[in-house]
Amino acid sequence: MKVFVVAEHKDGKLKRVSAEVVAEFGRQGQEVTALVLGSGDLNAITGDLAKAGASKIIVLEHADLKDYSTEGYANAAHAYLSSQGAEVIASGGQGKDFMPRLAAKFGVGVANDCTSFGLASGKLTVRRPVFAGKCSKSVEFLKSPAMFTLRPNVVSSEGKTAAGTVERVAATPGAIRTKVAEVIASAAKKVELTEADIIISGGRSLKSADNFKILHECAAVVGAAVGASRAAVDAGYAPHAMQVGQTGKTVSPKLYIACGISGAIQHLAGMRTSKVIVAINKDAEAPIFQKADYGIVGDLFEVVPLLTAELKKLKG
Ligand SMILES: Cc1cc2nc3c(=O)[nH]c(=O)nc-3n(C[C@H](O)[C@H](O)[C@H](O)COP(=O)(O)OP(=O)(O)OC[C@H]3O[C@@H](n4cnc5c(N)ncnc54)[C@H](O)[C@@H]3O)c2cc1C
């Protein structure tokens, strides 16, 4: 099958989810051509794609692709891929933005935020959560190209290094009607929530923005990202960028520690695919314990500082 993965990158670095998609195709014995859209020095990105297992890497170059834009990506990717007879087109988290537009250009559908995919007898099947993660469905594609995006962190990014032959092609991004005027980065260099291996999240029970510092202290010891429930965000204790759940971010870390979070279905929708879930809650009947692998019934203001101290000892 002719499989293409549209790579995601930022600040000259490949996003891990792109390596995850490429590596997973490799584990399934499928050759992959990766597409890198952009301009300037993209060598670190192409190198990482080869390490993940991309046999061929097409760099679609154009000055207008220096910054990501939905239109630029969709136009340039369509112009190239339609000439290549692509049968499968996959991408990661950013694909949730440009893949629907690209799919419309091909006149096909797209399955977003999939948690697994498989190729058998020349057919692609994906699995994706529905109804806020209450159940998941298996999706087959009736038209070619089959298009899907993979949720970050659901498969390993460790691939078998492939040739990764790089070919540079002049891209045709067409008319881009919006442009990035300014990027305002947050002051602190924080671990990106959707890519973090460990997330420690706090709920309404934190009671103030200031109290979130106990979570940040704990997170700093293990290089974790800090998340929040919507109740905490609505109360102004944390910015929306930190919200996990149905109307926030969907995360799938190796370890998710929920501190004083009740476990409402809308919160679970954003974190239920985490590999290991630990809940700290003073109510032994809190619904989060039904989803947790490990539970600590206790006051988070006592448990979290103890956890931080123990982790420091372990790290020390
Ligand atoms: C359309 C829609 C979309 C939504 N989207 C989201 C979303 O994206 N993300 C999200 O999180 N929610 C979302 N919600 C809200 C969701 O329904 C819950 O209201 C919210 O998740 C509750 O947040 P919480 O667990 O922090 O607060 P609460 O439900 O108030 O729970 C607080 C918990 O903390 C425990 N607690 C209190 N004090 C302590 C302490 N000192 N130590 C330990 N435990 C303590 C309590 O026992 C309780 O279990 C959405 C709701 C709707 C209707």
# chains A, B, ... in the order shown; residues from 1 in each chain; ligands from 1
>>> select_by_dssp(residues="segment 58-156 of chain A", states="helix (DSSP H, G or I)", output="PyMOL selection string")
chain A and resi 63-65+70-81+95-106
>>> residues_near_ligand(ligand="ligand 1", cutoff="7 Å", atoms="only C-alpha atoms and all ligand atoms", output="PyMOL selection string")
chain A and resi 202-205+228-232+243-248+259-267+270+280-283+286+298-301
>>> closest_residue(among="A:Lys96, A:Lys143, A:His78, A:Lys2", to="Ala111 of chain A", atoms="only C-alpha atoms")
A:Lys96
>>> select_by_dssp(residues="segment 141-259 of chain A", states="strand (DSSP E)", output="list in words")
Ala146, Met147, Phe148, Thr149, Leu150, Thr165, Val166, Glu167, Arg168, Val169, Ala170, Ile198, Ile199, Ile200, Ser201, Gly202, Ala225, Val226, Gly227, Ala228, Leu255, Tyr256, Ile257, Ala258 and Cys259 of chain A
>>> residues_around(residues="Ala74 of chain A", least_positions_apart="4", cutoff="7 Å", atoms="only C-alpha atoms", output="list of chain:residue names")
A:Thr70, A:His78, A:Phe98, A:Arg101, A:Leu102
>>> write_last_selection(atoms="N, CA and C atoms", output="JSON list (two decimals), in the first residue's frame")
[["chain", "number", "residue", "atom", "x", "y", "z"],
["A", 70, "THR", "N", -3.56, 25.98, 8.24],
["A", 70, "THR", "CA", -4.48, 24.93, 7.79],
["A", 70, "THR", "C", -4.53, 24.87, 6.26],
["A", 78, "HIS", "N", -2.32, 18.26, -0.66],
["A", 78, "HIS", "CA", -3.23, 17.73, -1.68],
["A", 78, "HIS", "C", -2.57, 17.74, -3.05],
["A", 98, "PHE", "N", -5.88, 20.15, 9.96],
["A", 98, "PHE", "CA", -5.82, 20.26, 8.48],
["A", 98, "PHE", "C", -6.34, 19.03, 7.73],
["A", 101, "ARG", "N", -9.84, 19.26, 6.04],
["A", 101, "ARG", "CA", -9.80, 20.08, 4.83],
["A", 101, "ARG", "C", -9.15, 19.30, 3.67],
["A", 102, "LEU", "N", -8.12, 18.56, 4.01],
["A", 102, "LEU", "CA", -7.43, 17.74, 3.00],
["A", 102, "LEU", "C", -8.37, 16.62, 2.52]]
>>> residues_around(residues="segment 213-215 of chain A", least_positions_apart="2", cutoff="12 Å", atoms="only C-alpha atoms", output="count of residues only")
39
>>> residues_around(residues="Ile89 of chain A", least_positions_apart="3", cutoff="6 Å", atoms="only C-alpha atoms", output="NGL selection string")
:A and (4-5 or 147)
>>> residues_around(residues="Gly133 of chain A", least_positions_apart="6", cutoff="8 Å", atoms="only C-alpha atoms", output="number ranges by chain")
A: 268-270, 272
>>> residues_around(residues="Arg177 of chain A", least_positions_apart="4", cutoff="10 Å", atoms="only C-alpha atoms", output="ChimeraX atom specification")
/A:69-72
>>> decode(residues="segment 89-116 of chain A", atoms="N, CA and C atoms", output="PDB file, in the first residue's frame")
ATOM      1  N   ILE A  89      -3.339   8.097   4.185  1.00  0.00           N
ATOM      2  CA  ILE A  89      -2.687   9.325   4.654  1.00  0.00           C
ATOM      3  C   ILE A  89      -2.962   9.430   6.153  1.00  0.00           C
ATOM      4  N   ALA A  90      -1.872   9.516   6.921  1.00  0.00           N
ATOM      5  CA  ALA A  90      -2.034   9.567   8.379  1.00  0.00           C
ATOM      6  C   ALA A  90      -1.305  10.786   8.925  1.00  0.00           C
ATOM      7  N   SER A  91      -1.738  11.223  10.101  1.00  0.00           N
ATOM      8  CA  SER A  91      -1.066  12.335  10.763  1.00  0.00           C
ATOM      9  C   SER A  91      -1.329  12.247  12.261  1.00  0.00           C
ATOM     10  N   GLY A  92      -0.802  13.236  12.990  1.00  0.00           N
ATOM     11  CA  GLY A  92      -0.969  13.235  14.450  1.00  0.00           C
ATOM     12  C   GLY A  92      -1.958  14.294  14.892  1.00  0.00           C
ATOM     13  N   GLY A  93      -1.695  14.883  16.064  1.00  0.00           N
ATOM     14  CA  GLY A  93      -2.638  15.809  16.691  1.00  0.00           C
ATOM     15  C   GLY A  93      -2.983  17.016  15.834  1.00  0.00           C
ATOM     16  N   GLN A  94      -1.963  17.606  15.164  1.00  0.00           N
ATOM     17  CA  GLN A  94      -2.206  18.784  14.330  1.00  0.00           C
ATOM     18  C   GLN A  94      -3.112  18.434  13.150  1.00  0.00           C
ATOM     19  N   GLY A  95      -3.078  17.164  12.784  1.00  0.00           N
ATOM     20  CA  GLY A  95      -3.911  16.691  11.683  1.00  0.00           C
ATOM     21  C   GLY A  95      -5.392  16.885  11.954  1.00  0.00           C
ATOM     22  N   LYS A  96      -5.760  16.957  13.238  1.00  0.00           N
ATOM     23  CA  LYS A  96      -7.170  17.178  13.546  1.00  0.00           C
ATOM     24  C   LYS A  96      -7.620  18.496  12.934  1.00  0.00           C
ATOM     25  N   ASP A  97      -6.655  19.394  12.682  1.00  0.00           N
ATOM     26  CA  ASP A  97      -6.966  20.694  12.094  1.00  0.00           C
ATOM     27  C   ASP A  97      -6.975  20.645  10.558  1.00  0.00           C
ATOM     28  N   PHE A  98      -5.879  20.150   9.955  1.00  0.00           N
ATOM     29  CA  PHE A  98      -5.824  20.265   8.483  1.00  0.00           C
ATOM     30  C   PHE A  98      -6.341  19.032   7.732  1.00  0.00           C
ATOM     31  N   MET A  99      -6.399  17.872   8.400  1.00  0.00           N
ATOM     32  CA  MET A  99      -6.814  16.653   7.682  1.00  0.00           C
ATOM     33  C   MET A  99      -8.271  16.710   7.186  1.00  0.00           C
ATOM     34  N   PRO A 100      -9.216  17.283   7.948  1.00  0.00           N
ATOM     35  CA  PRO A 100     -10.579  17.363   7.395  1.00  0.00           C
ATOM     36  C   PRO A 100     -10.622  18.173   6.092  1.00  0.00           C
ATOM     37  N   ARG A 101      -9.843  19.256   6.038  1.00  0.00           N
ATOM     38  CA  ARG A 101      -9.797  20.085   4.825  1.00  0.00           C
ATOM     39  C   ARG A 101      -9.153  19.298   3.666  1.00  0.00           C
ATOM     40  N   LEU A 102      -8.118  18.559   4.011  1.00  0.00           N
ATOM     41  CA  LEU A 102      -7.435  17.740   3.001  1.00  0.00           C
ATOM     42  C   LEU A 102      -8.372  16.623   2.519  1.00  0.00           C
ATOM     43  N   ALA A 103      -9.094  16.029   3.461  1.00  0.00           N
ATOM     44  CA  ALA A 103     -10.036  14.957   3.102  1.00  0.00           C
ATOM     45  C   ALA A 103     -11.122  15.487   2.178  1.00  0.00           C
ATOM     46  N   ALA A 104     -11.581  16.709   2.459  1.00  0.00           N
ATOM     47  CA  ALA A 104     -12.629  17.302   1.606  1.00  0.00           C
ATOM     48  C   ALA A 104     -12.113  17.477   0.184  1.00  0.00           C
ATOM     49  N   LYS A 105     -10.844  17.839   0.063  1.00  0.00           N
ATOM     50  CA  LYS A 105     -10.263  18.001  -1.280  1.00  0.00           C
ATOM     51  C   LYS A 105     -10.230  16.665  -2.027  1.00  0.00           C
ATOM     52  N   PHE A 106     -10.021  15.585  -1.276  1.00  0.00           N
ATOM     53  CA  PHE A 106     -10.014  14.259  -1.903  1.00  0.00           C
ATOM     54  C   PHE A 106     -11.434  13.695  -2.059  1.00  0.00           C
ATOM     55  N   GLY A 107     -12.398  14.323  -1.394  1.00  0.00           N
ATOM     56  CA  GLY A 107     -13.775  13.820  -1.436  1.00  0.00           C
ATOM     57  C   GLY A 107     -13.947  12.552  -0.619  1.00  0.00           C
ATOM     58  N   VAL A 108     -13.156  12.438   0.486  1.00  0.00           N
ATOM     59  CA  VAL A 108     -13.277  11.252   1.350  1.00  0.00           C
ATOM     60  C   VAL A 108     -13.496  11.720   2.798  1.00  0.00           C
ATOM     61  N   GLY A 109     -13.683  10.753   3.694  1.00  0.00           N
ATOM     62  CA  GLY A 109     -13.846  11.089   5.097  1.00  0.00           C
ATOM     63  C   GLY A 109     -12.518  10.968   5.834  1.00  0.00           C
ATOM     64  N   VAL A 110     -12.508  11.355   7.106  1.00  0.00           N
ATOM     65  CA  VAL A 110     -11.296  11.207   7.914  1.00  0.00           C
ATOM     66  C   VAL A 110     -11.708  10.737   9.309  1.00  0.00           C
ATOM     67  N   ALA A 111     -10.954   9.793   9.857  1.00  0.00           N
ATOM     68  CA  ALA A 111     -11.220   9.329  11.229  1.00  0.00           C
ATOM     69  C   ALA A 111     -10.199  10.008  12.142  1.00  0.00           C
ATOM     70  N   ASN A 112     -10.681  10.881  13.000  1.00  0.00           N
ATOM     71  CA  ASN A 112      -9.773  11.658  13.853  1.00  0.00           C
ATOM     72  C   ASN A 112      -9.561  11.030  15.222  1.00  0.00           C
ATOM     73  N   ASP A 113      -8.392  11.315  15.802  1.00  0.00           N
ATOM     74  CA  ASP A 113      -8.101  10.967  17.190  1.00  0.00           C
ATOM     75  C   ASP A 113      -8.190   9.462  17.456  1.00  0.00           C
ATOM     76  N   CYS A 114      -7.630   8.679  16.543  1.00  0.00           N
ATOM     77  CA  CYS A 114      -7.702   7.217  16.686  1.00  0.00           C
ATOM     78  C   CYS A 114      -6.730   6.745  17.769  1.00  0.00           C
ATOM     79  N   THR A 115      -7.085   5.656  18.406  1.00  0.00           N
ATOM     80  CA  THR A 115      -6.220   5.123  19.457  1.00  0.00           C
ATOM     81  C   THR A 115      -5.464   3.876  18.995  1.00  0.00           C
ATOM     82  N   SER A 116      -5.823   3.353  17.827  1.00  0.00           N
ATOM     83  CA  SER A 116      -5.034   2.268  17.245  1.00  0.00           C
ATOM     84  C   SER A 116      -5.394   2.151  15.764  1.00  0.00           C
TER      85      SER A 116
END
